[in-house]
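Novice: Below is the file model03.txt, with compact mmCIF, N, CA and C atoms.
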```txt
# COMPACT_ATOMS: atom_id res chain seq x y z
N MET A 1 0.83 -1.20 0.00
CA MET A 1 0.00 0.00 0.00
C MET A 1 0.87 1.26 0.00
N ASP A 2 1.99 1.22 0.74
CA ASP A 2 2.89 2.38 0.77
C ASP A 2 3.46 2.68 -0.61
N ASN A 3 3.80 1.63 -1.35
CA ASN A 3 4.34 1.84 -2.69
C ASN A 3 3.30 2.50 -3.59
N PHE A 4 2.06 2.08 -3.47
CA PHE A 4 0.99 2.66 -4.28
C PHE A 4 0.84 4.15 -3.98
N ILE A 5 0.85 4.50 -2.71
CA ILE A 5 0.70 5.90 -2.31
C ILE A 5 1.89 6.72 -2.80
N GLN A 6 3.09 6.18 -2.66
CA GLN A 6 4.29 6.90 -3.11
C GLN A 6 4.29 7.06 -4.62
N ASP A 7 3.91 6.00 -5.35
CA ASP A 7 3.87 6.08 -6.81
C ASP A 7 2.82 7.09 -7.27
N THR A 8 1.65 7.06 -6.64
CA THR A 8 0.60 7.99 -6.99
C THR A 8 1.01 9.43 -6.69
N SER A 9 1.64 9.63 -5.55
CA SER A 9 2.10 10.96 -5.17
C SER A 9 3.15 11.47 -6.16
N ALA A 10 4.06 10.61 -6.56
CA ALA A 10 5.10 11.00 -7.52
C ALA A 10 4.49 11.37 -8.87
N LYS A 11 3.50 10.57 -9.32
CA LYS A 11 2.83 10.87 -10.59
C LYS A 11 2.08 12.21 -10.53
N LEU A 12 1.39 12.45 -9.41
CA LEU A 12 0.67 13.72 -9.27
C LEU A 12 1.62 14.91 -9.28
N LYS A 13 2.77 14.78 -8.62
CA LYS A 13 3.76 15.86 -8.63
C LYS A 13 4.29 16.08 -10.04
N GLU A 14 4.51 14.98 -10.77
CA GLU A 14 4.99 15.06 -12.15
C GLU A 14 3.97 15.78 -13.03
N TRP A 15 2.70 15.39 -12.91
CA TRP A 15 1.63 16.03 -13.69
C TRP A 15 1.47 17.49 -13.29
N GLY A 16 1.62 17.80 -12.01
CA GLY A 16 1.51 19.18 -11.56
C GLY A 16 2.60 20.06 -12.15
N ALA A 17 3.83 19.54 -12.17
CA ALA A 17 4.95 20.28 -12.76
C ALA A 17 4.73 20.48 -14.26
N LEU A 18 4.26 19.43 -14.93
CA LEU A 18 3.99 19.53 -16.37
C LEU A 18 2.90 20.55 -16.64
N PHE A 19 1.85 20.54 -15.82
CA PHE A 19 0.74 21.48 -15.98
C PHE A 19 1.22 22.92 -15.79
N GLN A 20 2.10 23.15 -14.83
CA GLN A 20 2.57 24.51 -14.56
C GLN A 20 3.47 25.04 -15.67
N THR A 21 4.15 24.17 -16.41
CA THR A 21 5.10 24.63 -17.42
C THR A 21 4.52 24.67 -18.83
N GLN A 22 3.46 23.93 -19.09
CA GLN A 22 2.91 23.83 -20.44
C GLN A 22 1.63 24.64 -20.58
N ARG A 23 1.72 25.75 -21.28
CA ARG A 23 0.56 26.64 -21.46
C ARG A 23 -0.56 25.96 -22.25
N GLN A 24 -0.20 25.12 -23.23
CA GLN A 24 -1.22 24.44 -24.04
C GLN A 24 -2.07 23.50 -23.18
N ILE A 25 -1.44 22.84 -22.23
CA ILE A 25 -2.18 21.95 -21.33
C ILE A 25 -3.12 22.79 -20.45
N GLN A 26 -2.64 23.92 -19.98
CA GLN A 26 -3.48 24.80 -19.16
C GLN A 26 -4.71 25.26 -19.94
N LEU A 27 -4.51 25.65 -21.19
CA LEU A 27 -5.63 26.12 -22.01
C LEU A 27 -6.60 24.98 -22.31
N ALA A 28 -6.08 23.78 -22.54
CA ALA A 28 -6.94 22.63 -22.81
C ALA A 28 -7.79 22.29 -21.58
N VAL A 29 -7.18 22.35 -20.40
CA VAL A 29 -7.93 22.08 -19.17
C VAL A 29 -8.99 23.15 -18.95
N LEU A 30 -8.65 24.40 -19.20
CA LEU A 30 -9.62 25.48 -19.07
C LEU A 30 -10.78 25.31 -20.03
N ALA A 31 -10.48 24.95 -21.28
CA ALA A 31 -11.54 24.74 -22.27
C ALA A 31 -12.44 23.57 -21.87
N ALA A 32 -11.85 22.49 -21.39
CA ALA A 32 -12.64 21.34 -20.95
C ALA A 32 -13.52 21.72 -19.77
N TYR A 33 -12.97 22.49 -18.84
CA TYR A 33 -13.74 22.93 -17.68
C TYR A 33 -14.94 23.78 -18.11
N LEU A 34 -14.71 24.70 -19.04
CA LEU A 34 -15.79 25.57 -19.50
C LEU A 34 -16.86 24.79 -20.27
N LEU A 35 -16.44 23.79 -21.05
CA LEU A 35 -17.42 22.96 -21.75
C LEU A 35 -18.27 22.17 -20.76
N LEU A 36 -17.63 21.60 -19.76
CA LEU A 36 -18.39 20.88 -18.73
C LEU A 36 -19.33 21.82 -18.00
N TRP A 37 -18.86 23.03 -17.70
CA TRP A 37 -19.70 24.02 -17.03
C TRP A 37 -20.93 24.34 -17.90
N LEU A 38 -20.70 24.51 -19.19
CA LEU A 38 -21.80 24.82 -20.11
C LEU A 38 -22.81 23.69 -20.14
N PHE A 39 -22.34 22.45 -20.22
CA PHE A 39 -23.26 21.32 -20.29
C PHE A 39 -24.06 21.16 -19.01
N TYR A 40 -23.42 21.40 -17.87
CA TYR A 40 -24.14 21.22 -16.60
C TYR A 40 -25.02 22.41 -16.23
N SER A 41 -24.57 23.62 -16.57
CA SER A 41 -25.38 24.79 -16.20
C SER A 41 -26.46 25.05 -17.24
N GLY A 42 -26.16 24.77 -18.50
CA GLY A 42 -27.11 25.01 -19.57
C GLY A 42 -27.25 26.47 -19.95
N SER A 43 -26.38 27.31 -19.41
CA SER A 43 -26.48 28.75 -19.67
C SER A 43 -25.18 29.24 -20.31
N LEU A 44 -25.28 29.69 -21.53
CA LEU A 44 -24.11 30.22 -22.23
C LEU A 44 -23.61 31.49 -21.57
N THR A 45 -24.52 32.34 -21.12
CA THR A 45 -24.14 33.60 -20.47
C THR A 45 -23.34 33.33 -19.19
N THR A 46 -23.83 32.42 -18.38
CA THR A 46 -23.12 32.08 -17.14
C THR A 46 -21.75 31.51 -17.46
N THR A 47 -21.68 30.66 -18.48
CA THR A 47 -20.40 30.06 -18.87
C THR A 47 -19.41 31.14 -19.31
N ILE A 48 -19.88 32.12 -20.05
CA ILE A 48 -19.01 33.21 -20.49
C ILE A 48 -18.49 33.99 -19.28
N TRP A 49 -19.37 34.29 -18.32
CA TRP A 49 -18.93 35.02 -17.13
C TRP A 49 -17.93 34.19 -16.30
N VAL A 50 -18.17 32.89 -16.21
CA VAL A 50 -17.22 32.03 -15.49
C VAL A 50 -15.88 32.04 -16.22
N GLY A 51 -15.90 31.96 -17.54
CA GLY A 51 -14.67 32.01 -18.33
C GLY A 51 -13.91 33.32 -18.13
N VAL A 52 -14.64 34.42 -18.09
CA VAL A 52 -14.00 35.72 -17.86
C VAL A 52 -13.39 35.76 -16.46
N GLY A 53 -14.12 35.27 -15.47
CA GLY A 53 -13.60 35.25 -14.10
C GLY A 53 -12.37 34.37 -13.96
N VAL A 54 -12.41 33.20 -14.55
CA VAL A 54 -11.26 32.29 -14.48
C VAL A 54 -10.07 32.91 -15.22
N GLY A 55 -10.33 33.51 -16.37
CA GLY A 55 -9.25 34.15 -17.12
C GLY A 55 -8.60 35.28 -16.37
N LEU A 56 -9.41 36.12 -15.72
CA LEU A 56 -8.86 37.22 -14.92
C LEU A 56 -8.04 36.69 -13.74
N GLY A 57 -8.58 35.67 -13.07
CA GLY A 57 -7.83 35.08 -11.96
C GLY A 57 -6.52 34.48 -12.42
N TRP A 58 -6.54 33.87 -13.59
CA TRP A 58 -5.33 33.26 -14.14
C TRP A 58 -4.30 34.35 -14.46
N MET A 59 -4.76 35.44 -15.08
CA MET A 59 -3.84 36.53 -15.43
C MET A 59 -3.26 37.17 -14.17
N ILE A 60 -4.08 37.39 -13.16
CA ILE A 60 -3.59 37.97 -11.91
C ILE A 60 -2.59 37.04 -11.25
N GLY A 61 -2.90 35.75 -11.26
CA GLY A 61 -1.99 34.77 -10.66
C GLY A 61 -0.66 34.70 -11.38
N ARG A 62 -0.69 34.75 -12.70
CA ARG A 62 0.56 34.70 -13.48
C ARG A 62 1.36 35.99 -13.27
N GLY A 63 0.68 37.11 -13.10
CA GLY A 63 1.36 38.37 -12.86
C GLY A 63 2.08 38.38 -11.53
N SER A 64 1.48 37.77 -10.52
CA SER A 64 2.13 37.73 -9.20
C SER A 64 3.31 36.76 -9.21
N GLU A 65 3.27 35.72 -10.06
CA GLU A 65 4.41 34.80 -10.17
C GLU A 65 5.62 35.50 -10.76
N GLN A 66 5.38 36.36 -11.73
CA GLN A 66 6.49 37.03 -12.41
C GLN A 66 7.19 38.03 -11.51
N LYS A 67 6.49 38.58 -10.52
CA LYS A 67 7.09 39.56 -9.62
C LYS A 67 8.00 38.91 -8.59
N LEU A 68 7.73 37.63 -8.28
CA LEU A 68 8.52 36.95 -7.24
C LEU A 68 9.86 36.58 -7.70
```
What is this file in structure tokens?

Specialist:
Amino acid sequence: MDNFIQDTSAKLKEWGALFQTQRQIQLAVLAAYLLLWLFYSGSLTTTIWVGVGVGLGWMIGRGSEQKL
């Protein structure tokens, strides 16, 4: 069981590092999230506002990373 937990933890760290460095993966995940949001909410307007909010949060977050 310990090996499984360690292997899973190592894979998650690997995927996290890959996600942080690859902008295309970030955009694909964002697009998938917004599509799922659209299908579950059924509202295009709400989906657009969620996309704008996520995009602004992402831009603010990336801006604070560059200052550090």

Novice: Could you jot down the atom C of Thr47 in chain A to atom N of Leu27 in chain A separation for me, Å, one decimal place?

Specialist: 16.0 Å

Novice: What is the atom C of Trp58 in chain A to atom C of Ala28 in chain A distance in Å?

Specialist: 14.4 Å

Novice: Just the number, please: distance in Å from atom N of Val29 in chain A to CA of Lys11 in chain A, one decimal.

Specialist: 18.1 Å
